[in-house]
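Structure file model-v7.csv (CSV, C-alpha atoms) follows.
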```
chain,number,residue,atom,x,y,z
I,1,MET,CA,164.7,180.5,249.2
I,2,SER,CA,164.7,179.3,245.6
I,3,LYS,CA,168.0,178.2,244.1
I,4,SER,CA,170.0,180.9,242.4
I,5,ARG,CA,171.4,180.5,238.9
I,6,LEU,CA,174.9,180.0,240.3
I,7,HIS,CA,173.7,177.3,242.7
I,8,GLU,CA,172.2,175.6,239.6
I,9,LEU,CA,175.5,175.9,237.8
I,10,SER,CA,177.4,174.4,240.7
I,11,GLU,CA,175.0,171.5,240.7
I,12,LEU,CA,176.3,170.7,237.2
I,13,GLY,CA,179.8,170.1,238.7
I,14,GLN,CA,181.4,173.5,238.1
I,15,SER,CA,182.7,175.4,241.2
I,16,VAL,CA,182.1,179.1,241.5
I,17,TRP,CA,185.1,181.1,242.7
I,18,ILE,CA,185.4,184.9,243.0
I,19,ASP,CA,188.2,186.7,241.3
I,20,PHE,CA,188.6,189.4,243.9
I,21,LEU,CA,189.8,189.8,247.5
I,22,SER,CA,190.0,192.8,249.8
I,23,ARG,CA,189.9,193.5,253.5
I,24,GLU,CA,186.6,195.3,253.0
I,25,LEU,CA,185.1,192.2,251.3
I,26,LEU,CA,186.1,190.2,254.4
I,27,ARG,CA,185.2,192.6,257.1
I,28,SER,CA,181.8,193.7,255.8
I,29,GLY,CA,180.5,190.1,255.7
I,30,LYS,CA,179.9,190.4,252.0
I,31,LEU,CA,182.2,187.4,251.2
I,32,ALA,CA,180.3,185.3,253.7
I,33,ARG,CA,177.0,186.3,252.1
I,34,MET,CA,178.3,185.5,248.6
I,35,MET,CA,179.3,182.1,249.8
I,36,ASP,CA,175.7,181.6,250.9
I,37,GLU,CA,173.8,183.4,248.2
I,38,ASP,CA,176.1,183.1,245.1
I,39,ALA,CA,177.6,179.6,245.7
I,40,VAL,CA,181.1,181.0,246.0
I,41,VAL,CA,183.5,178.3,247.2
I,42,GLY,CA,186.9,179.7,246.4
I,43,ILE,CA,188.9,182.9,245.8
I,44,THR,CA,191.6,183.9,243.4
I,45,SER,CA,193.8,187.0,243.6
I,46,ASN,CA,196.7,188.5,241.6
I,47,PRO,CA,198.8,191.7,241.8
I,48,THR,CA,196.1,193.7,239.9
I,49,ILE,CA,193.4,192.7,242.4
I,50,PHE,CA,195.6,193.6,245.4
I,51,GLN,CA,196.6,196.9,243.8
I,52,LYS,CA,192.9,197.8,243.4
I,53,ALA,CA,192.1,196.7,247.0
I,54,ILE,CA,194.9,198.4,248.8
I,55,SER,CA,194.6,201.7,246.8
I,56,GLN,CA,190.9,202.2,247.9
I,57,GLY,CA,190.0,203.6,251.3
I,58,ASP,CA,191.8,203.2,254.7
I,59,ALA,CA,191.2,199.5,255.5
I,60,TYR,CA,194.9,198.7,255.5
I,61,ASP,CA,196.2,201.8,257.3
I,62,GLU,CA,196.3,200.2,260.8
I,63,GLN,CA,198.4,197.3,259.6
I,64,ILE,CA,200.6,199.5,257.5
I,65,ARG,CA,201.3,201.6,260.7
I,66,ALA,CA,202.2,198.5,262.6
I,67,CYS,CA,204.5,197.3,259.7
I,68,LEU,CA,206.3,200.6,259.7
I,69,GLU,CA,207.5,199.9,263.2
I,70,GLU,CA,209.4,196.9,261.8
I,71,THR,CA,210.3,197.9,258.2
I,72,ASP,CA,209.8,200.7,255.6
I,73,ASP,CA,210.3,198.3,252.7
I,74,ALA,CA,207.2,198.5,250.5
I,75,LYS,CA,207.5,195.0,249.2
I,76,GLU,CA,207.7,193.5,252.7
I,77,ILE,CA,204.7,195.6,253.8
I,78,PHE,CA,202.7,194.3,250.8
I,79,TRP,CA,203.4,190.7,251.6
I,80,ALA,CA,202.3,191.3,255.1
I,81,LEU,CA,199.0,192.9,254.0
I,82,ALA,CA,198.3,190.3,251.3
I,83,SER,CA,199.2,187.4,253.6
I,84,LYS,CA,196.8,188.7,256.3
I,85,ASP,CA,193.9,188.9,253.8
I,86,VAL,CA,194.6,185.5,252.3
I,87,SER,CA,195.0,183.9,255.7
I,88,ASP,CA,191.7,185.3,257.0
I,89,ALA,CA,190.0,184.3,253.8
I,90,CYS,CA,191.4,180.7,254.2
I,91,ASP,CA,189.9,180.6,257.6
I,92,LEU,CA,186.5,181.7,256.3
I,93,LEU,CA,186.6,179.1,253.6
I,94,ARG,CA,188.0,176.3,255.8
I,95,SER,CA,184.5,174.9,256.4
I,96,VAL,CA,184.1,174.5,252.6
I,97,TRP,CA,187.4,172.8,252.3
I,98,ASP,CA,186.6,170.4,255.2
I,99,ALA,CA,183.2,169.6,253.9
I,100,GLY,CA,184.4,168.9,250.4
I,101,LYS,CA,187.4,166.9,251.5
I,102,GLY,CA,189.7,169.4,249.8
I,103,GLN,CA,188.1,169.9,246.5
I,104,ASP,CA,187.1,173.6,247.0
I,105,GLY,CA,187.6,176.2,249.7
I,106,TYR,CA,190.9,177.5,248.3
I,107,VAL,CA,192.3,181.0,248.4
I,108,SER,CA,195.1,181.9,245.9
I,109,ILE,CA,198.1,184.3,246.3
I,110,GLU,CA,200.5,184.8,243.5
I,111,VAL,CA,204.3,184.9,243.5
I,112,ASP,CA,206.0,188.1,242.5
I,113,PRO,CA,205.4,188.3,238.7
I,114,ASN,CA,208.9,189.7,238.2
I,115,LEU,CA,210.1,186.1,239.0
I,116,ALA,CA,208.3,184.6,236.0
I,117,GLY,CA,211.6,183.9,234.3
I,118,ASP,CA,213.4,182.6,237.3
I,119,THR,CA,212.7,179.0,238.3
I,120,GLU,CA,214.7,178.8,241.5
I,121,ALA,CA,213.4,182.2,242.8
I,122,THR,CA,209.8,181.1,242.1
I,123,ILE,CA,210.3,177.9,244.0
I,124,ALA,CA,211.8,179.7,246.9
I,125,GLN,CA,209.0,182.3,247.1
I,126,ALA,CA,206.2,179.7,246.6
I,127,ARG,CA,207.7,177.6,249.4
I,128,HIS,CA,208.0,180.7,251.7
I,129,LEU,CA,204.4,181.7,251.1
I,130,HIS,CA,203.1,178.2,251.9
I,131,GLU,CA,205.2,178.1,255.1
I,132,SER,CA,204.4,181.7,256.2
I,133,ILE,CA,200.6,181.5,255.6
I,134,ASP,CA,200.5,177.8,256.5
I,135,LYS,CA,196.9,177.0,255.6
I,136,PRO,CA,195.9,173.7,254.1
I,137,ASN,CA,193.5,175.5,251.7
I,138,LEU,CA,196.1,177.9,250.3
I,139,HIS,CA,196.9,177.9,246.6
I,140,VAL,CA,200.1,179.6,245.6
I,141,LYS,CA,199.9,180.8,242.0
I,142,ILE,CA,202.8,180.2,239.6
I,143,PRO,CA,202.6,181.4,236.0
I,144,ALA,CA,202.7,178.8,233.2
I,145,THR,CA,205.9,180.3,231.7
I,146,ARG,CA,208.8,178.1,230.5
I,147,ALA,CA,210.6,178.8,233.7
I,148,GLY,CA,207.4,178.3,235.7
I,149,LEU,CA,206.9,174.7,234.6
I,150,PRO,CA,209.8,173.1,236.7
I,151,ALA,CA,208.8,175.2,239.6
I,152,ILE,CA,205.2,173.8,239.4
I,153,GLU,CA,206.6,170.3,239.3
I,154,GLU,CA,208.9,170.9,242.2
I,155,MET,CA,206.2,172.3,244.4
I,156,ILE,CA,203.7,169.5,243.6
I,157,ALA,CA,206.5,167.0,244.4
I,158,SER,CA,206.9,168.8,247.7
I,159,GLY,CA,203.2,168.3,248.5
I,160,ARG,CA,202.1,171.9,248.0
I,161,ASN,CA,198.9,173.2,246.4
I,162,ILE,CA,199.5,175.2,243.3
I,163,ASN,CA,197.2,177.3,241.0
I,164,VAL,CA,198.9,177.5,237.6
I,165,THR,CA,198.1,180.9,236.2
I,166,LEU,CA,198.4,182.6,232.8
I,167,THR,CA,197.8,179.5,230.7
I,168,PHE,CA,196.8,180.5,227.2
I,169,SER,CA,197.9,177.9,224.7
I,170,LEU,CA,196.8,174.3,224.2
I,171,GLN,CA,200.4,173.2,223.9
I,172,ARG,CA,201.4,174.9,227.2
I,173,TYR,CA,198.4,173.5,228.9
I,174,GLY,CA,199.6,170.0,228.0
I,175,GLU,CA,203.0,170.9,229.5
I,176,VAL,CA,201.3,172.2,232.7
I,177,VAL,CA,199.5,168.9,233.1
I,178,GLU,CA,202.8,167.0,232.5
I,179,ALA,CA,204.5,169.1,235.2
I,180,TYR,CA,201.6,168.2,237.6
I,181,LEU,CA,201.8,164.5,236.8
I,182,ARG,CA,205.5,164.3,237.2
I,183,GLY,CA,205.3,166.2,240.5
I,184,LEU,CA,202.7,163.7,241.7
I,185,GLU,CA,204.8,160.7,240.6
I,186,ARG,CA,207.8,162.1,242.5
I,187,LEU,CA,205.6,162.7,245.5
I,188,VAL,CA,204.3,159.1,245.4
I,189,ASP,CA,207.9,157.7,244.9
I,190,SER,CA,209.0,159.6,248.0
I,191,GLY,CA,206.3,157.7,250.0
I,192,ASP,CA,204.1,160.7,250.6
I,193,ASP,CA,200.3,160.9,250.2
I,194,PRO,CA,199.2,162.6,246.9
I,195,SER,CA,195.6,163.0,248.2
I,196,LYS,CA,196.8,166.0,250.2
I,197,VAL,CA,197.7,168.0,247.1
I,198,ALA,CA,195.3,170.0,245.0
I,199,SER,CA,196.0,172.0,241.9
I,200,VAL,CA,194.1,173.9,239.2
I,201,ALA,CA,195.2,175.1,235.8
I,202,SER,CA,193.9,178.6,235.2
I,203,PHE,CA,193.1,178.9,231.5
I,204,PHE,CA,192.6,182.5,230.5
I,205,VAL,CA,189.6,183.2,228.3
I,206,SER,CA,188.5,186.7,227.3
I,207,ARG,CA,192.0,188.0,226.7
I,208,VAL,CA,192.3,185.5,223.8
I,209,ASP,CA,189.4,187.2,222.0
I,210,THR,CA,190.7,190.7,222.8
I,211,GLU,CA,194.0,190.0,221.0
I,212,THR,CA,192.5,187.9,218.2
I,213,ASP,CA,189.8,190.5,217.4
I,214,ARG,CA,192.4,193.2,217.3
I,215,ARG,CA,194.3,191.3,214.7
I,216,LEU,CA,191.2,190.5,212.7
I,217,ASP,CA,190.4,194.3,212.7
I,218,GLU,CA,193.9,194.9,211.2
I,219,LEU,CA,193.3,192.3,208.5
I,220,GLY,CA,189.7,193.5,207.8
I,221,GLY,CA,186.7,191.6,206.5
I,222,HIS,CA,186.5,188.8,209.0
I,223,ASP,CA,183.9,190.0,211.5
I,224,GLU,CA,182.2,186.6,211.6
I,225,LEU,CA,185.3,185.1,213.3
I,226,LYS,CA,185.4,187.7,216.1
I,227,GLY,CA,184.6,186.5,219.6
I,228,LYS,CA,185.1,182.8,218.7
I,229,LEU,CA,188.7,181.7,219.6
I,230,ALA,CA,188.6,182.1,223.4
I,231,ILE,CA,185.7,179.7,223.9
I,232,ALA,CA,186.9,177.3,221.2
I,233,ASN,CA,190.4,177.3,222.9
I,234,ALA,CA,188.9,176.5,226.3
I,235,LYS,CA,186.6,173.8,224.9
I,236,LEU,CA,189.5,172.0,223.3
I,237,ALA,CA,191.6,172.4,226.5
I,238,TYR,CA,188.8,170.5,228.3
I,239,GLN,CA,188.9,167.7,225.8
I,240,ARG,CA,192.7,167.5,226.4
I,241,TYR,CA,192.0,167.5,230.1
I,242,LYS,CA,189.8,164.4,229.7
I,243,GLU,CA,192.5,162.6,227.7
I,244,LEU,CA,195.3,163.4,230.0
I,245,PHE,CA,193.5,162.4,233.2
I,246,SER,CA,192.6,159.0,231.9
I,247,GLY,CA,194.5,155.8,231.0
I,248,GLU,CA,197.1,153.7,232.8
I,249,ARG,CA,199.4,156.5,234.0
I,250,TRP,CA,196.6,158.5,235.6
I,251,GLU,CA,194.9,155.5,237.0
I,252,LYS,CA,198.0,154.4,238.8
I,253,LEU,CA,198.2,157.8,240.5
I,254,ALA,CA,194.5,157.9,241.2
I,255,ALA,CA,194.8,154.6,243.0
I,256,LYS,CA,197.2,156.2,245.4
I,257,GLY,CA,194.7,159.0,246.1
I,258,ALA,CA,195.8,161.7,243.6
I,259,THR,CA,193.1,164.2,242.4
I,260,LYS,CA,192.8,165.7,239.0
I,261,GLN,CA,194.1,169.1,238.3
I,262,ARG,CA,190.9,170.9,237.3
I,263,CYS,CA,190.6,173.5,234.5
I,264,LEU,CA,189.8,176.9,235.9
I,265,TRP,CA,188.3,179.4,233.6
I,266,ALA,CA,189.9,182.8,234.4
I,267,SER,CA,189.5,186.2,232.7
I,268,THR,CA,185.8,185.5,232.3
I,269,SER,CA,184.5,189.1,232.3
I,270,THR,CA,183.6,190.3,228.8
I,271,LYS,CA,185.9,193.0,227.5
I,272,ASN,CA,184.0,193.9,224.4
I,273,PRO,CA,180.7,195.7,225.2
I,274,ASP,CA,179.2,194.3,221.9
I,275,TYR,CA,179.4,190.8,223.4
I,276,ARG,CA,176.9,189.3,225.9
I,277,ASP,CA,178.3,190.1,229.3
I,278,VAL,CA,178.1,186.5,230.6
I,279,MET,CA,179.0,184.6,227.4
I,280,TYR,CA,182.4,183.3,228.8
I,281,VAL,CA,180.5,181.8,231.7
I,282,GLU,CA,177.5,180.4,229.8
I,283,GLU,CA,179.6,178.7,227.0
I,284,LEU,CA,182.0,176.9,229.4
I,285,ILE,CA,179.8,175.2,231.9
I,286,GLY,CA,180.8,171.6,232.6
I,287,PRO,CA,181.8,169.1,235.3
I,288,GLU,CA,185.1,169.0,237.1
I,289,THR,CA,185.9,172.6,236.3
I,290,VAL,CA,186.1,175.9,238.1
I,291,ASP,CA,185.0,179.4,236.9
I,292,THR,CA,186.5,182.3,238.8
I,293,MET,CA,184.5,185.5,238.2
I,294,PRO,CA,184.8,189.1,239.1
I,295,GLU,CA,182.0,190.5,241.3
I,296,GLU,CA,180.3,192.2,238.4
I,297,THR,CA,180.1,189.0,236.4
I,298,ILE,CA,178.7,187.1,239.3
I,299,GLU,CA,176.0,189.7,239.6
I,300,ALA,CA,175.3,189.6,235.9
I,301,PHE,CA,175.0,185.9,235.8
I,302,GLN,CA,172.7,185.8,238.8
I,303,ASP,CA,170.5,188.3,237.0
I,304,HIS,CA,170.3,186.8,233.5
I,305,GLY,CA,172.7,183.9,233.0
I,306,GLN,CA,171.5,180.7,231.3
I,307,VAL,CA,172.5,177.5,232.9
I,308,ALA,CA,173.2,174.4,230.7
I,309,LEU,CA,175.9,171.9,230.1
I,310,THR,CA,177.7,173.7,227.3
I,311,LEU,CA,181.4,172.8,227.6
I,312,GLU,CA,181.2,169.8,225.4
I,313,GLN,CA,178.8,171.2,222.9
I,314,GLY,CA,180.3,172.3,219.5
I,315,VAL,CA,183.7,170.7,219.9
I,316,GLU,CA,183.9,170.1,216.1
I,317,GLU,CA,182.9,173.7,215.5
I,318,ALA,CA,185.6,174.7,217.9
I,319,LYS,CA,188.2,172.9,215.8
I,320,ARG,CA,186.9,174.6,212.7
I,321,VAL,CA,187.4,178.0,214.4
I,322,PHE,CA,191.1,177.3,214.5
I,323,GLU,CA,191.1,176.3,210.8
I,324,ASP,CA,189.1,179.4,209.8
I,325,LEU,CA,191.3,181.8,211.7
I,326,ALA,CA,194.5,180.2,210.2
I,327,ALA,CA,193.0,180.6,206.8
I,328,ALA,CA,192.2,184.2,207.5
I,329,GLY,CA,195.9,184.8,208.5
I,330,ILE,CA,195.7,184.6,212.3
I,331,ASP,CA,198.8,182.9,213.7
I,332,TYR,CA,197.5,181.2,216.9
I,333,ASP,CA,201.0,180.4,218.2
I,334,ASP,CA,201.9,184.0,218.0
I,335,VAL,CA,198.7,185.1,219.6
I,336,VAL,CA,199.2,183.0,222.7
I,337,ARG,CA,202.9,183.9,222.9
I,338,VAL,CA,202.1,187.6,223.0
I,339,LEU,CA,199.3,187.0,225.5
I,340,GLU,CA,201.7,185.1,227.9
I,341,GLU,CA,204.3,187.9,227.6
I,342,GLU,CA,201.7,190.6,228.1
I,343,GLY,CA,200.1,188.8,231.0
I,344,VAL,CA,203.3,188.6,232.9
I,345,GLN,CA,204.0,192.3,232.1
I,346,LYS,CA,200.6,193.5,233.2
I,347,PHE,CA,200.9,191.8,236.5
I,348,ALA,CA,204.4,193.2,236.9
I,349,ASP,CA,203.1,196.7,236.1
I,350,SER,CA,200.3,196.2,238.7
I,351,PHE,CA,202.9,195.0,241.2
I,352,ALA,CA,205.0,198.1,240.6
I,353,GLU,CA,202.0,200.4,240.9
I,354,LEU,CA,200.9,198.6,244.1
I,355,LEU,CA,204.4,199.2,245.7
I,356,ASP,CA,204.2,202.8,244.6
I,357,GLY,CA,200.9,203.1,246.3
I,358,ILE,CA,202.2,201.6,249.5
I,359,ARG,CA,205.1,204.0,249.5
I,360,ALA,CA,202.7,206.9,249.1
I,361,LYS,CA,200.5,205.6,251.9
I,362,ARG,CA,203.6,205.1,254.0
I,363,GLY,CA,204.5,208.7,253.5
I,364,GLU,CA,201.0,209.9,254.4
I,365,LEU,CA,200.9,207.9,257.6
I,366,ALA,CA,204.4,208.8,258.6
I,367,ALA,CA,203.5,212.5,258.2
I,368,ALA,CA,200.3,212.1,260.2
```

Structure re-expressed in structure tokens:
Amino acid sequence: MSKSRLHELSELGQSVWIDFLSRELLRSGKLARMMDEDAVVGITSNPTIFQKAISQGDAYDEQIRACLEETDDAKEIFWALASKDVSDACDLLRSVWDAGKGQDGYVSIEVDPNLAGDTEATIAQARHLHESIDKPNLHVKIPATRAGLPAIEEMIASGRNINVTLTFSLQRYGEVVEAYLRGLERLVDSGDDPSKVASVASFFVSRVDTETDRRLDELGGHDELKGKLAIANAKLAYQRYKELFSGERWEKLAAKGATKQRCLWASTSTKNPDYRDVMYVEELIGPETVDTMPEETIEAFQDHGQVALTLEQGVEEAKRVFEDLAAAGIDYDDVVRVLEEEGVQKFADSFAELLDGIRAKRGELAAA
């Protein structure tokens, strides 16, 4: 069998993860096939993804019935359902984790988005998820909010794998890396082994263009700047990654066995139908990175994606995009602030909808 486009992409040093998880994906064998045919070596999930999975079909009914014998609390039932899927997915991907010495093979589960402003509650839930699922290839997702940063540091210092989610701004990205480095330094100072800890920083892509393009439409007359900021933002984040994971501070940690916190490109499906449907994948291909894609983007890239090292092309042009947008009246700092707030709220809304769905299903099963 000839190599697929995504196998070629992975050979350039970028790991392919899928941004979806459901019981049907696991039970049908489709995920196992995608690992083989589409070079998938990791999984990300969030409240929106679980809301979609649990609302469709009856794959979760049996476990919900079993849960109802213990509790009728919708949130407890959800964590039981999600933990089961994530645990099973970790088992499926364990061979990838073993073969790659812990670089890939991770499955992510996100803390309750309603805790995004509460550091201590986030730490408590992240610790609970790690202890209850108890898999070495588990990533717990913590949002890159102001309150999330110390939680990220604390969990890394505790030797736990963390996927930092909802990263939008270059400044916040630097703060995320600083939290990771401080956590590693504390871990080393405690005498523990940093080689056992893995982390990714999930940098959201397409949403940046969605918000910026909306503002450009309001301003009028700047169509040439549309669809530019998201890719420019990510390319400059990668340049910052290379700077932060070099030099004396990093080399000291690396000598102890620490691994770099890779950039993970999230929100890579194209929201604007006028844009090429794989542009957020094609323009951000580079080594030591991860791209997590929804199933439709994986299929599209396998069909017509172009594979080339693009992540470090056009860096100067990316800087000019920021300058041109500022000249046009786009306030970058406000764009990323709004995106972070909206990102947390969207996940919180999905979480609430998910719990409503479980309550409805609970009622149906109880009546039956």

For Arg172 (chain I), list every protein, DNA or RNA residue within 9 Å, evaluated using all atoms listed in the file, and leave out those in the same chain fewer than 3 positions away; present the list as a PyMOL selection string. chain I and resi 144-146+167-169+175-177

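Proximity of I:Arg160, I:Gln125, I:Leu93, I:Lys256 to Asp189 (chain I), computed with all atoms listed in the file, is greatest for I:Lys256.
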
Which residue of I:Thr270, I:Asn46, I:Ser2, I:Gln313 approaches Phe20 (chain I) most closely, using all atoms listed in the file: I:Asn46

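Between Ala116 (chain I) and the candidates I:Val40, I:Val205, I:Ile142, I:Ile18, the tightest atom-to-atom separation, counting all atoms listed in the file, involves I:Ile142.
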
Using all atoms listed in the file, the shortest atom-to-atom distance to Glu185 (chain I) among I:Ala258, I:Ala126, I:Ala121, I:Leu170 belongs to I:Ala258

Can you fill out region 70-80 of chain I with all heavy atoms and hand it back as a PDB file, in the coordinates of the input?
```pdb
ATOM      1  N   GLU I  70     208.447 197.979 262.044  1.00  0.00           N
ATOM      2  CA  GLU I  70     209.400 196.900 261.800  1.00  0.00           C
ATOM      3  C   GLU I  70     210.252 197.186 260.537  1.00  0.00           C
ATOM      4  O   GLU I  70     211.441 196.846 260.475  1.00  0.00           O
ATOM      5  CB  GLU I  70     208.719 195.570 261.645  1.00  0.00           C
ATOM      6  CG  GLU I  70     207.837 195.188 262.821  1.00  0.00           C
ATOM      7  CD  GLU I  70     208.645 194.849 264.061  1.00  0.00           C
ATOM      8  OE1 GLU I  70     209.803 194.424 263.905  1.00  0.00           O
ATOM      9  OE2 GLU I  70     208.111 195.035 265.180  1.00  0.00           O
ATOM     10  N   THR I  71     209.607 197.751 259.506  1.00  0.00           N
ATOM     11  CA  THR I  71     210.300 197.900 258.200  1.00  0.00           C
ATOM     12  C   THR I  71     209.628 199.061 257.439  1.00  0.00           C
ATOM     13  O   THR I  71     208.438 199.348 257.637  1.00  0.00           O
ATOM     14  CB  THR I  71     210.233 196.641 257.385  1.00  0.00           C
ATOM     15  OG1 THR I  71     210.901 196.845 256.122  1.00  0.00           O
ATOM     16  CG2 THR I  71     208.792 196.229 257.080  1.00  0.00           C
ATOM     17  N   ASP I  72     210.405 199.692 256.542  1.00  0.00           N
ATOM     18  CA  ASP I  72     209.800 200.700 255.600  1.00  0.00           C
ATOM     19  C   ASP I  72     209.882 200.153 254.186  1.00  0.00           C
ATOM     20  O   ASP I  72     209.638 200.902 253.245  1.00  0.00           O
ATOM     21  CB  ASP I  72     210.455 202.030 255.761  1.00  0.00           C
ATOM     22  CG  ASP I  72     211.934 202.014 255.374  1.00  0.00           C
ATOM     23  OD1 ASP I  72     212.469 200.922 255.088  1.00  0.00           O
ATOM     24  OD2 ASP I  72     212.545 203.102 255.345  1.00  0.00           O
ATOM     25  N   ASP I  73     210.220 198.866 254.023  1.00  0.00           N
ATOM     26  CA  ASP I  73     210.300 198.300 252.700  1.00  0.00           C
ATOM     27  C   ASP I  73     208.919 197.985 252.159  1.00  0.00           C
ATOM     28  O   ASP I  73     208.148 197.206 252.741  1.00  0.00           O
ATOM     29  CB  ASP I  73     211.123 196.968 252.763  1.00  0.00           C
ATOM     30  CG  ASP I  73     211.330 196.359 251.382  1.00  0.00           C
ATOM     31  OD1 ASP I  73     210.427 195.622 250.921  1.00  0.00           O
ATOM     32  OD2 ASP I  73     212.375 196.613 250.755  1.00  0.00           O
ATOM     33  N   ALA I  74     208.565 198.627 251.042  1.00  0.00           N
ATOM     34  CA  ALA I  74     207.200 198.500 250.500  1.00  0.00           C
ATOM     35  C   ALA I  74     206.831 197.093 250.137  1.00  0.00           C
ATOM     36  O   ALA I  74     205.681 196.672 250.337  1.00  0.00           O
ATOM     37  CB  ALA I  74     207.065 199.430 249.271  1.00  0.00           C
ATOM     38  N   LYS I  75     207.797 196.337 249.631  1.00  0.00           N
ATOM     39  CA  LYS I  75     207.500 195.000 249.200  1.00  0.00           C
ATOM     40  C   LYS I  75     207.198 194.101 250.458  1.00  0.00           C
ATOM     41  O   LYS I  75     206.250 193.299 250.457  1.00  0.00           O
ATOM     42  CB  LYS I  75     208.655 194.372 248.425  1.00  0.00           C
ATOM     43  CG  LYS I  75     208.315 193.048 247.760  1.00  0.00           C
ATOM     44  CD  LYS I  75     209.437 192.536 246.868  1.00  0.00           C
ATOM     45  CE  LYS I  75     209.580 193.353 245.604  1.00  0.00           C
ATOM     46  NZ  LYS I  75     210.536 192.734 244.644  1.00  0.00           N
ATOM     47  N   GLU I  76     207.965 194.261 251.511  1.00  0.00           N
ATOM     48  CA  GLU I  76     207.700 193.500 252.700  1.00  0.00           C
ATOM     49  C   GLU I  76     206.344 193.863 253.322  1.00  0.00           C
ATOM     50  O   GLU I  76     205.610 193.000 253.831  1.00  0.00           O
ATOM     51  CB  GLU I  76     208.802 193.750 253.760  1.00  0.00           C
ATOM     52  CG  GLU I  76     210.136 193.095 253.423  1.00  0.00           C
ATOM     53  CD  GLU I  76     211.148 193.247 254.545  1.00  0.00           C
ATOM     54  OE1 GLU I  76     210.726 193.400 255.714  1.00  0.00           O
ATOM     55  OE2 GLU I  76     212.356 193.224 254.251  1.00  0.00           O
ATOM     56  N   ILE I  77     206.012 195.153 253.264  1.00  0.00           N
ATOM     57  CA  ILE I  77     204.700 195.600 253.800  1.00  0.00           C
ATOM     58  C   ILE I  77     203.594 194.958 252.946  1.00  0.00           C
ATOM     59  O   ILE I  77     202.597 194.473 253.492  1.00  0.00           O
ATOM     60  CB  ILE I  77     204.603 197.126 253.757  1.00  0.00           C
ATOM     61  CG1 ILE I  77     205.586 197.722 254.775  1.00  0.00           C
ATOM     62  CG2 ILE I  77     203.171 197.580 254.061  1.00  0.00           C
ATOM     63  CD1 ILE I  77     205.711 199.239 254.695  1.00  0.00           C
ATOM     64  N   PHE I  78     203.757 194.956 251.620  1.00  0.00           N
ATOM     65  CA  PHE I  78     202.700 194.300 250.800  1.00  0.00           C
ATOM     66  C   PHE I  78     202.501 192.884 251.136  1.00  0.00           C
ATOM     67  O   PHE I  78     201.356 192.444 251.290  1.00  0.00           O
ATOM     68  CB  PHE I  78     203.093 194.435 249.284  1.00  0.00           C
ATOM     69  CG  PHE I  78     202.295 193.443 248.468  1.00  0.00           C
ATOM     70  CD1 PHE I  78     200.933 193.601 248.310  1.00  0.00           C
ATOM     71  CD2 PHE I  78     202.900 192.318 247.906  1.00  0.00           C
ATOM     72  CE1 PHE I  78     200.176 192.668 247.603  1.00  0.00           C
ATOM     73  CE2 PHE I  78     202.158 191.389 247.196  1.00  0.00           C
ATOM     74  CZ  PHE I  78     200.795 191.560 247.046  1.00  0.00           C
ATOM     75  N   TRP I  79     203.574 192.105 251.259  1.00  0.00           N
ATOM     76  CA  TRP I  79     203.400 190.700 251.600  1.00  0.00           C
ATOM     77  C   TRP I  79     202.712 190.485 252.901  1.00  0.00           C
ATOM     78  O   TRP I  79     201.907 189.551 253.075  1.00  0.00           O
ATOM     79  CB  TRP I  79     204.734 189.944 251.512  1.00  0.00           C
ATOM     80  CG  TRP I  79     205.273 189.782 250.116  1.00  0.00           C
ATOM     81  CD1 TRP I  79     206.436 190.297 249.621  1.00  0.00           C
ATOM     82  CD2 TRP I  79     204.653 189.085 249.030  1.00  0.00           C
ATOM     83  NE1 TRP I  79     206.579 189.957 248.299  1.00  0.00           N
ATOM     84  CE2 TRP I  79     205.506 189.220 247.906  1.00  0.00           C
ATOM     85  CE3 TRP I  79     203.476 188.364 248.888  1.00  0.00           C
ATOM     86  CZ2 TRP I  79     205.211 188.650 246.662  1.00  0.00           C
ATOM     87  CZ3 TRP I  79     203.168 187.798 247.651  1.00  0.00           C
ATOM     88  CH2 TRP I  79     204.024 187.942 246.558  1.00  0.00           C
ATOM     89  N   ALA I  80     202.980 191.376 253.843  1.00  0.00           N
ATOM     90  CA  ALA I  80     202.300 191.300 255.100  1.00  0.00           C
ATOM     91  C   ALA I  80     200.802 191.553 254.986  1.00  0.00           C
ATOM     92  O   ALA I  80     199.957 190.842 255.555  1.00  0.00           O
ATOM     93  CB  ALA I  80     202.915 192.274 256.128  1.00  0.00           C
TER      94      ALA I  80
END
```
